[in-house]
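Step one of this worksheet: look at the structure below.
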Amino acid sequence: MVVYSFFIFDRHCECIYIRQWLESTSTPAPAQPLSRPVTASSATTTATSTAEKPTSGNKLSMAEQAKLVFGVIFSLRNMVKKLCGPDDSFLCFRTGHYKLHYYETITSLRFVMLTDIRTENLKLSLHQIYVNLYVEYVVKNPLSPVEHAGGEGVNNEMFELGIDGFVRTIQ
Amino acid sequence: MASTTRARLGEEVWKSRTDKINAELVTLTYGSVVAQLCKDLDGDYAEVNKQLDKMGYNIGLRLIEDFLAKSNMQQKCANFRDTADVISKVGFKMFLNIIPTIANWSSDNKQFSLLLDENPLADFVELPDDGKAQGELWYSNMLCGVIRGALEMVQMQVDVHFVSDILRGHDTTEMRITLIRYIDDEMPQDDE
């Protein structure tokens, strides 16, 4: 499997961590119109759109991507809860080109990972990232602030190395 | 999750997933903190209580993540009674190896008491004999802050305070916890 990118959002709906692994590989993107990598329609698992690879060379900055990703997971999560009650939770969705995995803690931290479509559900892996990396290296780091505005405290070296190593193990 | 399952969970986390340190080290460290505060604030015990609560609050904000990671809880408590059960049987068990008794529920299920039959923080402690501390200092007030901070992170605004303390000569050590409200999910900022 291939991991494209990874996001963490805090309870204030702010993106506190972004990581991207694959730069554009195949799609020669420049000529294409600016395609939004995640739109509401891509959530319906139809494989119609052409260049929806989140990491392909479209011109969206990572910050814009994060905003769009958050918009989608926030709506989907609320929709799932409304349709099936509070016990249900949103796990993942896939399009023709990628799969988005979602894990939310009770403290409203949201972990999102974009991978290729063959990947199994990564909820457990995201939970492990939370338990073994986020809690250990971010929460328990006495020098990191409690609120991570602008990603402060999350982007420390131990956490980065941990994430890198972890992603390598699930590949 | 049934109450007995929680007791077992607390037991298991305590046994297998908690790093343990010498209890006396904790007791003496906490004692030094309180003693230093009393000295620094010149015996203004109301302020000492406040500072202890604040320190606890900051601990609670982080401790909740460790708690969730170790206890592996993924679902929110269905009601406040469940919350009380989890605090006592899993939370206190996991971090202090005690299980406070839950008592005195109010009729609207929004208030309960935790009775600390034993309090590891208060071993070896005698309150200062200055005529004031006995009536003003809540020695273990940090615990109140911890609970307040931790519950705030899981979207519950609560008020926590001590109503009695064996150190003050009462029969029990009792904390009163009141649910003020459930905090709503924050909405993303509308920037378009």
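By convention in this document, the chains of the structure tokens carry letters A, B, ... by their order, each chain's residues are numbered from 1, and ligands are numbered from 1 in the order they are shown.
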Handout entry: Distance-based interface of chain B with chain A, 10 Å, counting only C-alpha atoms, as JSON, numbers by chain
Key = {"B": [58, 59, 61, 62, 63, 64, 65, 66, 67, 68, 69, 70, 72, 73, 74, 75, 76, 77, 78, 150, 151, 152, 153, 154, 155, 185, 186, 187, 188, 189]}
Keeping N, CA and C atoms, export the residues of the selection given above as a short mmCIF file (atom, residue, chain, number, x, y, z; two decimals), in the first residue's frame.
```
data_model
loop_
_atom_site.label_atom_id
_atom_site.label_comp_id
_atom_site.auth_asym_id
_atom_site.auth_seq_id
_atom_site.Cartn_x
_atom_site.Cartn_y
_atom_site.Cartn_z
N ASN B 58 -4.49 21.97 34.62
CA ASN B 58 -3.52 21.80 33.53
C ASN B 58 -3.04 20.36 33.40
N ILE B 59 -2.97 19.66 34.52
CA ILE B 59 -2.64 18.23 34.45
C ILE B 59 -3.76 17.47 33.76
N LEU B 61 -5.98 18.38 31.61
CA LEU B 61 -6.08 18.58 30.16
C LEU B 61 -5.23 17.58 29.39
N ARG B 62 -4.08 17.21 29.96
CA ARG B 62 -3.20 16.26 29.27
C ARG B 62 -3.47 14.83 29.69
N LEU B 63 -3.79 14.69 30.98
CA LEU B 63 -3.95 13.35 31.54
C LEU B 63 -5.06 12.58 30.83
N ILE B 64 -6.07 13.30 30.38
CA ILE B 64 -7.19 12.62 29.72
C ILE B 64 -6.72 11.84 28.50
N GLU B 65 -5.75 12.40 27.77
CA GLU B 65 -5.27 11.70 26.57
C GLU B 65 -4.57 10.40 26.97
N ASP B 66 -3.77 10.48 28.02
CA ASP B 66 -3.09 9.29 28.50
C ASP B 66 -4.11 8.27 28.98
N PHE B 67 -5.14 8.78 29.65
CA PHE B 67 -6.19 7.91 30.16
C PHE B 67 -6.88 7.18 29.01
N LEU B 68 -7.24 7.92 27.95
CA LEU B 68 -7.94 7.31 26.82
C LEU B 68 -7.03 6.32 26.10
N ALA B 69 -5.76 6.70 25.98
CA ALA B 69 -4.83 5.82 25.28
C ALA B 69 -4.67 4.50 26.03
N LYS B 70 -4.53 4.58 27.35
CA LYS B 70 -4.29 3.36 28.12
C LYS B 70 -5.55 2.53 28.30
N ASN B 72 -8.08 2.54 26.38
CA ASN B 72 -8.59 2.12 25.08
C ASN B 72 -10.08 2.38 24.92
N MET B 73 -10.57 3.42 25.54
CA MET B 73 -11.98 3.74 25.40
C MET B 73 -12.21 4.45 24.08
N GLN B 74 -13.23 4.07 23.38
CA GLN B 74 -13.48 4.68 22.08
C GLN B 74 -14.88 5.29 22.00
N GLN B 75 -15.69 4.97 22.98
CA GLN B 75 -17.06 5.47 22.97
C GLN B 75 -17.27 6.42 24.13
N LYS B 76 -18.04 7.45 23.88
CA LYS B 76 -18.36 8.34 24.98
C LYS B 76 -19.30 7.66 25.96
N CYS B 77 -19.25 8.10 27.20
CA CYS B 77 -20.18 7.58 28.18
C CYS B 77 -21.60 8.01 27.80
N ALA B 78 -22.54 7.09 27.99
CA ALA B 78 -23.91 7.39 27.58
C ALA B 78 -24.56 8.41 28.49
N ALA B 150 -9.86 17.22 32.87
CA ALA B 150 -10.03 16.02 32.07
C ALA B 150 -11.43 15.96 31.46
N LEU B 151 -12.44 16.28 32.27
CA LEU B 151 -13.80 16.20 31.74
C LEU B 151 -14.07 17.29 30.71
N GLU B 152 -13.40 18.43 30.88
CA GLU B 152 -13.61 19.49 29.90
C GLU B 152 -13.17 19.04 28.50
N MET B 153 -12.09 18.26 28.46
CA MET B 153 -11.60 17.79 27.17
C MET B 153 -12.55 16.79 26.52
N VAL B 154 -13.37 16.13 27.31
CA VAL B 154 -14.34 15.23 26.71
C VAL B 154 -15.74 15.87 26.75
N GLN B 155 -15.73 17.17 26.65
CA GLN B 155 -16.94 17.95 26.43
C GLN B 155 -17.93 17.93 27.57
N ASP B 185 -19.85 20.39 20.06
CA ASP B 185 -18.73 20.33 19.12
C ASP B 185 -18.44 21.73 18.62
N GLU B 186 -17.17 22.03 18.46
CA GLU B 186 -16.85 23.32 17.84
C GLU B 186 -17.05 23.22 16.34
N MET B 187 -17.57 24.28 15.77
CA MET B 187 -17.78 24.30 14.33
C MET B 187 -16.58 24.95 13.65
N PRO B 188 -16.26 24.48 12.45
CA PRO B 188 -15.15 25.12 11.75
C PRO B 188 -15.49 26.57 11.43
N GLN B 189 -14.46 27.40 11.35
CA GLN B 189 -14.71 28.79 11.01
C GLN B 189 -15.16 28.90 9.57
#
```
Test item: residues at most 9 Å from Ile18 in chain A, only C-alpha atoms, excluding those fewer than 5 positions along its chain, as a PDB file with C-alpha atoms, in the first residue's frame:
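After the write, part.pdb holds the following:
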```pdb
ATOM      1  CA  SER A   5      -0.714  12.111   3.222  1.00  0.00           C
ATOM      2  CA  PHE A   6      -1.661  12.424   6.844  1.00  0.00           C
ATOM      3  CA  PHE A   7      -3.512  15.128   8.781  1.00  0.00           C
ATOM      4  CA  ILE A   8      -4.376  15.776  12.413  1.00  0.00           C
ATOM      5  CA  MET A  62      -1.417  21.657   1.616  1.00  0.00           C
ATOM      6  CA  ALA A  63      -3.237  24.172   3.769  1.00  0.00           C
ATOM      7  CA  ALA A  66      -6.399  20.347   4.770  1.00  0.00           C
ATOM      8  CA  GLY A 151       0.911  22.998  14.869  1.00  0.00           C
ATOM      9  CA  ASN A 155       5.928  18.937  14.700  1.00  0.00           C
TER      10      ASN A 155
END
```
**OP:** Run DSSP on the backbone and grab whatever in range 74-139 of chain A lands in strand (DSSP E or B); send it over as a ChimeraX atom specification.
**Re:** /A:92-94,99-104,110-115
Please, which residues of range 67-153 of chain B, numbered as in this document, come out alpha helix (DSSP H) from DSSP, as a ChimeraX atom specification?
-> /B:67-71,80-86,93-96,133-136,142-153
Near range 16-33 of chain B, within 7 Å and counting only C-alpha atoms, which residues show up once chain neighbours fewer than 5 positions away are dropped, as a PyMOL selection string?
-> chain B and resi 70+94+120-123
Can I get the selected residues back with N, CA and C atoms, as a short mmCIF file (atom, residue, chain, number, x, y, z; two decimals), in the first residue's frame?
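The resulting file, out-v4.cif, is shown below:
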```
data_model
loop_
_atom_site.label_atom_id
_atom_site.label_comp_id
_atom_site.auth_asym_id
_atom_site.auth_seq_id
_atom_site.Cartn_x
_atom_site.Cartn_y
_atom_site.Cartn_z
N LYS B 70 -4.53 4.58 27.35
CA LYS B 70 -4.29 3.36 28.12
C LYS B 70 -5.55 2.53 28.30
N MET B 94 -6.47 3.62 37.83
CA MET B 94 -5.32 3.59 36.93
C MET B 94 -4.18 4.48 37.44
N PRO B 120 -3.93 8.61 48.86
CA PRO B 120 -2.47 8.49 48.86
C PRO B 120 -1.77 9.84 48.98
N LEU B 121 -2.44 10.91 48.54
CA LEU B 121 -1.79 12.22 48.62
C LEU B 121 -1.64 12.68 50.07
N ALA B 122 -2.51 12.18 50.93
CA ALA B 122 -2.59 12.75 52.28
C ALA B 122 -1.90 11.91 53.35
N ASP B 123 -1.18 10.85 52.95
CA ASP B 123 -0.43 10.08 53.94
C ASP B 123 0.57 11.00 54.64
#
```
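Interatomic distance, CA of Asp40 in chain B against CA of Tyr57 in chain B: 20.2 Å.
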Item to complete: Considering only C-alpha atoms, return as a PyMOL selection string whatever protein or nucleic-acid residues lie within 7 Å of Gly162 in chain A, sequence-local ones (same chain, fewer than 4 positions apart) excluded.
Response: chain A and resi 133+158+166
Once you have the residues from the selection above, write them out as a CSV table (one decimal), in the first residue's frame, restricted to N, CA and C atoms.
```csv
chain,number,residue,atom,x,y,z
A,133,LEU,N,2.3,7.4,19.5
A,133,LEU,CA,3.1,8.5,19.0
A,133,LEU,C,2.5,9.8,19.6
A,158,MET,N,10.8,13.7,17.4
A,158,MET,CA,10.5,12.4,17.8
A,158,MET,C,9.2,11.9,17.1
A,166,PHE,N,6.4,4.5,11.4
A,166,PHE,CA,5.1,3.8,11.4
A,166,PHE,C,4.6,3.6,10.1
```
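Around Ala133 in chain B, within 8 Å and counting only C-alpha atoms, the residues found are Gly43, Tyr45, Leu127 and Pro128 of chain B, once anything fewer than 5 positions away on its own chain is removed.
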Export N, CA and C atoms of the chosen residues as a PDB file, in the first residue's frame?
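Listed below is the output, result_36.pdb:
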```pdb
ATOM      1  N   GLY B  43       0.294  31.898  53.664  1.00  0.00           N
ATOM      2  CA  GLY B  43      -0.855  31.401  54.414  1.00  0.00           C
ATOM      3  C   GLY B  43      -2.212  31.866  53.917  1.00  0.00           C
ATOM      4  N   TYR B  45      -4.852  30.655  52.329  1.00  0.00           N
ATOM      5  CA  TYR B  45      -5.224  29.299  51.920  1.00  0.00           C
ATOM      6  C   TYR B  45      -6.250  29.265  50.801  1.00  0.00           C
ATOM      7  N   LEU B 127      -2.253  19.115  58.875  1.00  0.00           N
ATOM      8  CA  LEU B 127      -2.394  20.501  58.422  1.00  0.00           C
ATOM      9  C   LEU B 127      -1.694  21.432  59.411  1.00  0.00           C
ATOM     10  N   PRO B 128      -1.206  22.565  58.936  1.00  0.00           N
ATOM     11  CA  PRO B 128      -0.525  23.521  59.809  1.00  0.00           C
ATOM     12  C   PRO B 128      -1.429  23.913  60.977  1.00  0.00           C
TER      13      PRO B 128
END
```
